[in-house]
>>> print(open('protein37.csv').read())   # CSV, C-alpha atoms and all ligand atoms
chain,number,residue,atom,x,y,z
A,50,MET,CA,0.0,0.0,0.0
A,51,LYS,CA,1.3,3.5,-0.9
A,52,ARG,CA,2.4,5.6,2.1
A,53,VAL,CA,1.1,9.1,2.4
A,54,VAL,CA,2.2,12.1,4.5
A,55,ILE,CA,-0.2,15.1,4.7
A,56,LEU,CA,1.0,18.6,5.4
A,57,ILE,CA,-1.4,21.2,6.9
A,58,SER,CA,-1.3,24.6,8.5
A,59,GLY,CA,-4.8,25.2,9.8
A,60,ARG,CA,-8.4,24.0,9.7
A,61,GLY,CA,-7.6,20.7,7.9
A,62,SER,CA,-11.0,20.1,6.2
A,63,ASN,CA,-9.3,18.7,3.1
A,64,MET,CA,-7.2,16.5,5.3
A,65,GLN,CA,-10.3,15.3,7.0
A,66,ALA,CA,-12.0,14.5,3.7
A,67,ILE,CA,-9.0,12.5,2.7
A,68,LEU,CA,-8.9,10.6,6.0
A,69,GLU,CA,-12.7,9.9,5.8
A,70,ALA,CA,-12.5,8.7,2.2
A,71,LYS,CA,-11.1,5.4,3.3
A,72,LEU,CA,-8.6,5.4,0.5
A,73,PRO,CA,-6.4,2.3,-0.3
A,74,VAL,CA,-3.3,4.1,1.2
A,75,GLU,CA,-1.6,4.2,4.5
A,76,ILE,CA,-1.6,7.8,6.0
A,77,THR,CA,1.6,7.6,8.0
A,78,ALA,CA,1.6,11.1,9.5
A,79,VAL,CA,0.0,14.6,9.4
A,80,ILE,CA,2.6,17.3,9.8
A,81,SER,CA,1.8,21.0,10.6
A,82,ASN,CA,4.1,24.0,10.6
A,83,ARG,CA,1.7,25.5,13.2
A,84,PRO,CA,1.2,23.9,16.6
A,85,GLU,CA,-2.2,25.5,16.9
A,86,ALA,CA,-3.5,24.0,13.7
A,87,LYS,CA,-7.1,22.7,14.3
A,88,GLY,CA,-6.4,19.9,11.8
A,89,LEU,CA,-4.0,18.3,14.3
A,90,GLU,CA,-6.8,17.4,16.7
A,91,ILE,CA,-8.9,15.9,13.8
A,92,ALA,CA,-5.9,13.8,12.7
A,93,ALA,CA,-5.3,12.6,16.2
A,94,GLN,CA,-9.0,11.7,16.6
A,95,HIS,CA,-8.6,9.5,13.5
A,96,GLY,CA,-5.6,7.8,15.2
A,97,ILE,CA,-3.1,9.3,12.8
A,98,GLN,CA,0.4,10.3,14.1
A,99,THR,CA,0.8,14.1,14.3
A,100,VAL,CA,4.0,16.1,14.1
A,101,VAL,CA,4.7,19.8,14.4
A,102,VAL,CA,7.7,21.4,12.6
A,103,ASP,CA,7.3,25.0,13.7
A,104,HIS,CA,8.6,27.3,11.0
A,105,ARG,CA,9.1,30.1,13.6
A,106,LYS,CA,11.8,27.9,15.2
A,107,HIS,CA,14.0,27.9,12.1
A,108,PRO,CA,15.9,31.0,11.1
A,109,SER,CA,15.6,30.7,7.4
A,110,ARG,CA,13.2,29.2,4.8
A,111,GLY,CA,15.9,26.8,3.7
A,112,GLN,CA,16.6,25.5,7.2
A,113,PHE,CA,12.9,25.0,7.9
A,114,ASP,CA,12.4,23.1,4.6
A,115,ALA,CA,15.4,20.9,5.5
A,116,ALA,CA,14.0,20.1,8.9
A,117,LEU,CA,10.6,19.4,7.3
A,118,ALA,CA,12.1,17.2,4.7
A,119,GLU,CA,14.0,15.2,7.3
A,120,LYS,CA,10.8,14.6,9.2
A,121,ILE,CA,8.8,13.7,6.1
A,122,ASP,CA,11.5,11.3,5.0
A,123,SER,CA,11.4,9.5,8.3
A,124,PHE,CA,7.9,8.3,7.3
A,125,GLN,CA,9.2,7.1,3.9
A,126,PRO,CA,6.2,8.4,1.9
A,127,ASP,CA,5.4,7.6,-1.7
A,128,LEU,CA,3.3,10.7,-1.8
A,129,VAL,CA,3.3,14.0,0.1
A,130,VAL,CA,0.0,15.8,0.1
A,131,LEU,CA,-0.2,19.6,0.7
A,132,ALA,CA,-3.7,20.3,2.2
A,133,GLY,CA,-3.9,23.9,3.1
A,134,PHE,CA,-0.1,24.1,3.8
A,135,MET,CA,0.5,27.8,3.8
A,136,ARG,CA,4.2,28.0,3.2
A,137,ILE,CA,6.2,28.8,0.1
A,138,LEU,CA,8.5,25.9,-0.5
A,139,THR,CA,12.1,26.2,-1.7
A,140,GLU,CA,13.2,24.8,-5.0
A,141,ASP,CA,15.4,22.2,-3.3
A,142,PHE,CA,12.4,20.9,-1.3
A,143,VAL,CA,10.1,20.7,-4.3
A,144,ASN,CA,12.7,19.0,-6.5
A,145,ARG,CA,13.4,16.4,-3.8
A,146,TYR,CA,9.7,15.3,-4.0
A,147,GLN,CA,9.3,15.7,-7.8
A,148,GLY,CA,6.4,13.6,-9.1
A,149,ARG,CA,5.2,12.7,-5.5
A,150,LEU,CA,4.2,16.1,-4.2
A,151,ILE,CA,0.6,17.3,-4.8
A,152,ASN,CA,-1.4,20.4,-3.8
A,153,ILE,CA,-5.0,21.6,-4.0
A,154,HIS,CA,-5.6,25.2,-5.0
A,155,PRO,CA,-8.9,27.0,-4.7
A,156,ALA,CA,-9.1,28.3,-8.3
A,157,LEU,CA,-9.1,27.0,-11.8
A,158,LEU,CA,-5.4,27.2,-12.5
A,159,PRO,CA,-3.6,28.9,-14.2
A,160,ALA,CA,-6.2,31.6,-13.2
A,161,PHE,CA,-5.8,33.2,-9.8
A,162,PRO,CA,-2.6,31.7,-8.3
A,163,GLY,CA,-1.7,32.9,-4.8
A,164,LEU,CA,-4.0,34.1,-2.0
A,165,ASP,CA,-7.6,35.5,-1.9
A,166,THR,CA,-8.7,33.6,-5.0
A,167,HIS,CA,-12.4,34.0,-4.3
A,168,GLU,CA,-12.1,37.8,-3.9
A,169,LYS,CA,-10.1,37.9,-7.1
A,170,ALA,CA,-12.7,35.8,-9.0
A,171,LEU,CA,-15.5,38.1,-7.9
A,172,GLN,CA,-13.5,41.2,-8.8
A,173,GLU,CA,-12.9,39.9,-12.3
A,174,GLY,CA,-16.5,38.9,-12.7
A,175,VAL,CA,-15.7,35.4,-13.9
A,176,ARG,CA,-18.8,33.2,-14.3
A,177,ILE,CA,-17.1,29.9,-13.5
A,178,HIS,CA,-14.7,29.3,-10.7
A,179,GLY,CA,-13.4,26.2,-9.0
A,180,CYS,CA,-10.4,24.2,-7.7
A,181,THR,CA,-7.4,22.4,-9.0
A,182,VAL,CA,-5.3,19.4,-7.9
A,183,HIS,CA,-1.8,19.5,-9.3
A,184,PHE,CA,1.7,18.2,-9.0
A,185,VAL,CA,3.9,20.8,-7.4
A,186,THR,CA,6.7,22.6,-9.2
A,187,PRO,CA,9.0,25.3,-7.9
A,188,THR,CA,6.6,28.0,-9.2
A,189,VAL,CA,3.9,28.7,-6.7
A,190,ASP,CA,0.5,27.3,-7.6
A,191,HIS,CA,1.7,25.9,-10.8
A,192,GLY,CA,2.4,22.4,-12.1
A,193,PRO,CA,0.9,19.5,-14.1
A,194,ILE,CA,-2.9,19.4,-13.5
A,195,ILE,CA,-4.4,16.2,-12.2
A,196,SER,CA,-8.0,17.3,-11.9
A,197,GLN,CA,-10.3,20.3,-11.6
A,198,ALA,CA,-13.9,21.0,-10.5
A,199,ALA,CA,-15.9,24.0,-11.6
A,200,VAL,CA,-18.7,25.8,-9.9
A,201,PRO,CA,-20.9,28.7,-11.1
A,202,VAL,CA,-20.4,32.1,-9.7
A,203,LEU,CA,-23.7,33.6,-8.7
A,204,PRO,CA,-24.6,37.3,-8.7
A,205,SER,CA,-25.4,37.1,-5.0
A,206,ASP,CA,-22.0,35.6,-4.1
A,207,THR,CA,-19.7,36.9,-1.4
A,208,PRO,CA,-16.1,35.5,-1.1
A,209,ASP,CA,-17.5,33.3,1.7
A,210,THR,CA,-20.4,31.8,-0.2
A,211,LEU,CA,-18.1,31.2,-3.2
A,212,ALA,CA,-15.4,29.7,-1.0
A,213,ALA,CA,-18.0,27.3,0.6
A,214,ARG,CA,-19.2,26.2,-2.9
A,215,VAL,CA,-15.6,25.6,-4.0
A,216,LEU,CA,-14.6,23.8,-0.8
A,217,GLU,CA,-17.4,21.3,-1.2
A,218,GLN,CA,-15.8,20.3,-4.6
A,219,GLU,CA,-12.2,20.3,-3.1
A,220,HIS,CA,-13.4,17.6,-0.6
A,221,LEU,CA,-14.5,15.5,-3.6
A,222,ILE,CA,-11.6,15.9,-6.0
A,223,TYR,CA,-8.7,15.7,-3.6
A,224,PRO,CA,-9.4,12.2,-2.3
A,225,GLU,CA,-10.2,11.1,-5.8
A,226,ALA,CA,-6.9,12.3,-7.1
A,227,ILE,CA,-5.0,10.5,-4.3
A,228,ARG,CA,-6.9,7.3,-5.1
A,229,TRP,CA,-5.8,7.6,-8.8
A,230,PHE,CA,-2.2,8.1,-7.6
A,231,ALA,CA,-2.4,5.1,-5.3
A,232,GLU,CA,-3.8,3.0,-8.1
A,233,GLY,CA,-0.9,4.0,-10.4
A,234,ARG,CA,-3.2,5.7,-12.9
A,235,LEU,CA,-1.3,9.0,-13.1
A,236,HIS,CA,1.8,9.5,-15.3
A,237,LEU,CA,3.8,12.6,-16.1
A,238,GLU,CA,4.4,13.0,-19.8
A,239,GLN,CA,6.3,16.2,-20.8
A,240,ASN,CA,4.8,18.2,-17.9
A,241,ARG,CA,1.3,17.0,-18.5
A,242,VAL,CA,-0.6,14.4,-16.5
A,243,GLU,CA,-1.6,11.4,-18.6
A,244,MET,CA,-4.4,9.5,-16.9
A,245,ASN,CA,-5.5,5.9,-17.2
A,246,ILE,CA,-9.1,6.5,-16.2
A,247,LEU,CA,-12.4,6.2,-18.0
A,248,GLN,CA,-13.8,9.6,-18.8
A,249,ALA,CA,-17.3,9.8,-17.4
A,250,SER,CA,-18.7,12.0,-20.1
A,251,THR,CA,-17.8,14.7,-22.6
A,252,TYR,CA,-20.4,17.3,-21.9
A,253,SER,CA,-19.3,20.9,-21.3
A,254,LEU,CA,-19.9,22.9,-18.2
A,255,ARG,CA,-21.6,26.2,-18.7
A,256,SER,CA,-22.6,29.1,-16.5
A,257,PRO,CA,-25.1,30.7,-16.7
A,258,TRP,CA,-26.9,27.6,-17.8
A,259,SER,CA,-29.0,27.7,-20.9
A,260,ALA,CA,-32.4,25.9,-21.0
B,301,LIG,C1,-8.3,25.2,0.9
B,301,LIG,O1,-9.2,26.1,0.3
B,301,LIG,C2,-7.2,24.8,0.0
B,301,LIG,O2,-7.6,24.8,-1.4
B,301,LIG,C3,-6.2,25.9,0.2
B,301,LIG,O3,-6.3,26.2,1.5
B,301,LIG,C4,-7.5,25.9,2.1
B,301,LIG,C5,-7.3,24.9,3.2
B,301,LIG,O4,-8.5,24.5,3.9
B,301,LIG,N1,-4.9,25.5,-0.3
B,301,LIG,P1,-8.4,23.3,4.8
B,301,LIG,O5,-7.3,23.5,5.8
B,301,LIG,O6,-8.2,22.1,4.0
B,301,LIG,O7,-9.8,23.3,5.5
>>> encode(input="protein37.csv", output="structure tokens")
Amino acid sequence: MKRVVILISGRGSNMQAILEAKLPVEITAVISNRPEAKGLEIAAQHGIQTVVVDHRKHPSRGQFDAALAEKIDSFQPDLVVLAGFMRILTEDFVNRYQGRLINIHPALLPAFPGLDTHEKALQEGVRIHGCTVHFVTPTVDHGPIISQAAVPVLPSDTPDTLAARVLEQEHLIYPEAIRWFAEGRLHLEQNRVEMNILQASTYSLRSPWSA
């Protein structure tokens, strides 16, 4: 069974969705860079080993990443899952886990990398927004896309209502992507993800809907 380490910084709702999806993987640890992260309690309730590598205790980004990598490697993971891990990672760190480090971003990449994606989507007036699971490269919120989910943006939306609609989809597509990884269905070909899965359908997603 593939071994998975999950990195969090806060709430941990994506981590929780992954733990509750009963995937055919062994979650060997949940690591947080913040001791106060709520997700640590949730992980412990699920009987998962939790670890804190506090970034404030390391003088530089490089030293923190080295300490984090040492801790991660002690669990010998096949896959490292960033689930709301709010740290920019050094190139050395990212390269060390090339092809086995994935992230979820609350936007349809390559649109809206970075923070405050829901505010930006509303400011731009996009009609469709969503989330993306991708392999991580040294460029922040960039890398070969595994899956995406789209949601409509409604005229009445606030950043919070839009975030909630997107989060619901995050909780579906992240466990699914990890399942595909665990089943060996994902392959990187020239910086694109080739997938060995049946496409459910070929319909387009439109917003606003037409009758
Ligand atoms: C999610 O929206 C995720 O896409 C982003 O940070 C948020 C983390 O939420 N990277 P949670 O900690 O998983 O609840």
>>> residues_around(input="protein37.csv", residues="Ile195 of chain A", least_positions_apart="2", cutoff="7 Å", atoms="only C-alpha atoms", output="mmCIF file with C-alpha atoms, in the frame of the given file")
data_model
loop_
_atom_site.group_PDB
_atom_site.id
_atom_site.type_symbol
_atom_site.label_atom_id
_atom_site.label_comp_id
_atom_site.auth_asym_id
_atom_site.auth_seq_id
_atom_site.Cartn_x
_atom_site.Cartn_y
_atom_site.Cartn_z
ATOM 1 C CA VAL A 182 -5.300 19.400 -7.900
ATOM 2 C CA HIS A 183 -1.800 19.500 -9.300
ATOM 3 C CA PRO A 193 0.900 19.500 -14.100
ATOM 4 C CA ALA A 226 -6.900 12.300 -7.100
ATOM 5 C CA VAL A 242 -0.600 14.400 -16.500
#
>>> residues_around(input="protein37.csv", residues="Thr186 of chain A", least_positions_apart="4", cutoff="7 Å", atoms="only C-alpha atoms", output="list in words")
Val143, His191 and Gly192 of chain A
>>> residues_near_ligand(input="protein37.csv", ligand="ligand LIG 301 (chain B)", cutoff="9 Å", atoms="all atoms listed in the file", output="JSON, numbers by chain")
{"A": [57, 58, 59, 60, 61, 62, 63, 64, 65, 66, 86, 87, 88, 131, 132, 133, 134, 135, 152, 153, 154, 155, 156, 164, 180, 181, 182, 212, 213, 215, 216, 219, 220]}
>>> atom_distance(input="protein37.csv", atom1="atom CA of Gln125 of chain A", atom2="atom CA of Val53 of chain A")
8.5 Å
>>> closest_residue(input="protein37.csv", among="A:Val185, A:Pro204, A:Glu225, A:Asn82", to="His107 of chain A", atoms="all atoms listed in the file")
A:Asn82
>>> build_atoms(input="protein37.csv", residues="segment 125-142 of chain A", atoms="N, CA, C and O atoms", output="mmCIF file, in the coordinates of the input")
data_model
loop_
_atom_site.group_PDB
_atom_site.id
_atom_site.type_symbol
_atom_site.label_atom_id
_atom_site.label_comp_id
_atom_site.auth_asym_id
_atom_site.auth_seq_id
_atom_site.Cartn_x
_atom_site.Cartn_y
_atom_site.Cartn_z
ATOM 1 N N GLN A 125 9.006 7.752 5.188
ATOM 2 C CA GLN A 125 9.200 7.100 3.900
ATOM 3 C C GLN A 125 7.938 7.113 2.998
ATOM 4 O O GLN A 125 7.452 6.067 2.562
ATOM 5 N N PRO A 126 7.417 8.308 2.726
ATOM 6 C CA PRO A 126 6.200 8.400 1.900
ATOM 7 C C PRO A 126 6.418 8.178 0.436
ATOM 8 O O PRO A 126 7.452 8.563 -0.099
ATOM 9 N N ASP A 127 5.411 7.599 -0.215
ATOM 10 C CA ASP A 127 5.400 7.600 -1.700
ATOM 11 C C ASP A 127 4.781 8.846 -2.218
ATOM 12 O O ASP A 127 5.007 9.202 -3.371
ATOM 13 N N LEU A 128 3.963 9.509 -1.380
ATOM 14 C CA LEU A 128 3.300 10.700 -1.800
ATOM 15 C C LEU A 128 3.181 11.692 -0.638
ATOM 16 O O LEU A 128 2.879 11.298 0.497
ATOM 17 N N VAL A 129 3.460 12.969 -0.943
ATOM 18 C CA VAL A 129 3.300 14.000 0.100
ATOM 19 C C VAL A 129 2.188 14.945 -0.425
ATOM 20 O O VAL A 129 2.203 15.443 -1.551
ATOM 21 N N VAL A 130 1.208 15.139 0.457
ATOM 22 C CA VAL A 130 0.000 15.800 0.100
ATOM 23 C C VAL A 130 -0.068 17.185 0.834
ATOM 24 O O VAL A 130 -0.097 17.206 2.074
ATOM 25 N N LEU A 131 -0.066 18.281 0.086
ATOM 26 C CA LEU A 131 -0.200 19.600 0.700
ATOM 27 C C LEU A 131 -1.714 19.889 0.802
ATOM 28 O O LEU A 131 -2.410 19.958 -0.212
ATOM 29 N N ALA A 132 -2.211 20.041 2.033
ATOM 30 C CA ALA A 132 -3.700 20.300 2.200
ATOM 31 C C ALA A 132 -3.832 21.522 3.060
ATOM 32 O O ALA A 132 -3.944 21.459 4.287
ATOM 33 N N GLY A 133 -3.785 22.670 2.372
ATOM 34 C CA GLY A 133 -3.900 23.900 3.100
ATOM 35 C C GLY A 133 -2.565 24.193 3.849
ATOM 36 O O GLY A 133 -2.567 24.730 4.952
ATOM 37 N N PHE A 134 -1.439 23.809 3.238
ATOM 38 C CA PHE A 134 -0.100 24.100 3.800
ATOM 39 C C PHE A 134 0.358 25.415 3.341
ATOM 40 O O PHE A 134 0.662 25.575 2.165
ATOM 41 N N MET A 135 0.363 26.398 4.245
ATOM 42 C CA MET A 135 0.500 27.800 3.800
ATOM 43 C C MET A 135 1.947 28.285 3.918
ATOM 44 O O MET A 135 2.237 29.290 4.564
ATOM 45 N N ARG A 136 2.848 27.563 3.277
ATOM 46 C CA ARG A 136 4.200 28.000 3.200
ATOM 47 C C ARG A 136 4.733 27.904 1.795
ATOM 48 O O ARG A 136 4.400 26.941 1.076
ATOM 49 N N ILE A 137 5.502 28.881 1.393
ATOM 50 C CA ILE A 137 6.200 28.800 0.100
ATOM 51 C C ILE A 137 7.371 27.891 0.266
ATOM 52 O O ILE A 137 8.157 28.065 1.196
ATOM 53 N N LEU A 138 7.497 26.905 -0.615
ATOM 54 C CA LEU A 138 8.500 25.900 -0.500
ATOM 55 C C LEU A 138 9.739 26.218 -1.358
ATOM 56 O O LEU A 138 9.577 26.721 -2.471
ATOM 57 N N THR A 139 10.938 25.910 -0.876
ATOM 58 C CA THR A 139 12.100 26.200 -1.700
ATOM 59 C C THR A 139 12.232 25.204 -2.841
ATOM 60 O O THR A 139 11.648 24.118 -2.826
ATOM 61 N N GLU A 140 13.016 25.623 -3.825
ATOM 62 C CA GLU A 140 13.200 24.800 -5.000
ATOM 63 C C GLU A 140 13.796 23.429 -4.634
ATOM 64 O O GLU A 140 13.392 22.388 -5.163
ATOM 65 N N ASP A 141 14.752 23.438 -3.719
ATOM 66 C CA ASP A 141 15.400 22.200 -3.300
ATOM 67 C C ASP A 141 14.351 21.222 -2.739
ATOM 68 O O ASP A 141 14.363 20.027 -3.040
ATOM 69 N N PHE A 142 13.449 21.758 -1.916
ATOM 70 C CA PHE A 142 12.400 20.900 -1.300
ATOM 71 C C PHE A 142 11.518 20.332 -2.393
ATOM 72 O O PHE A 142 11.264 19.126 -2.424
#
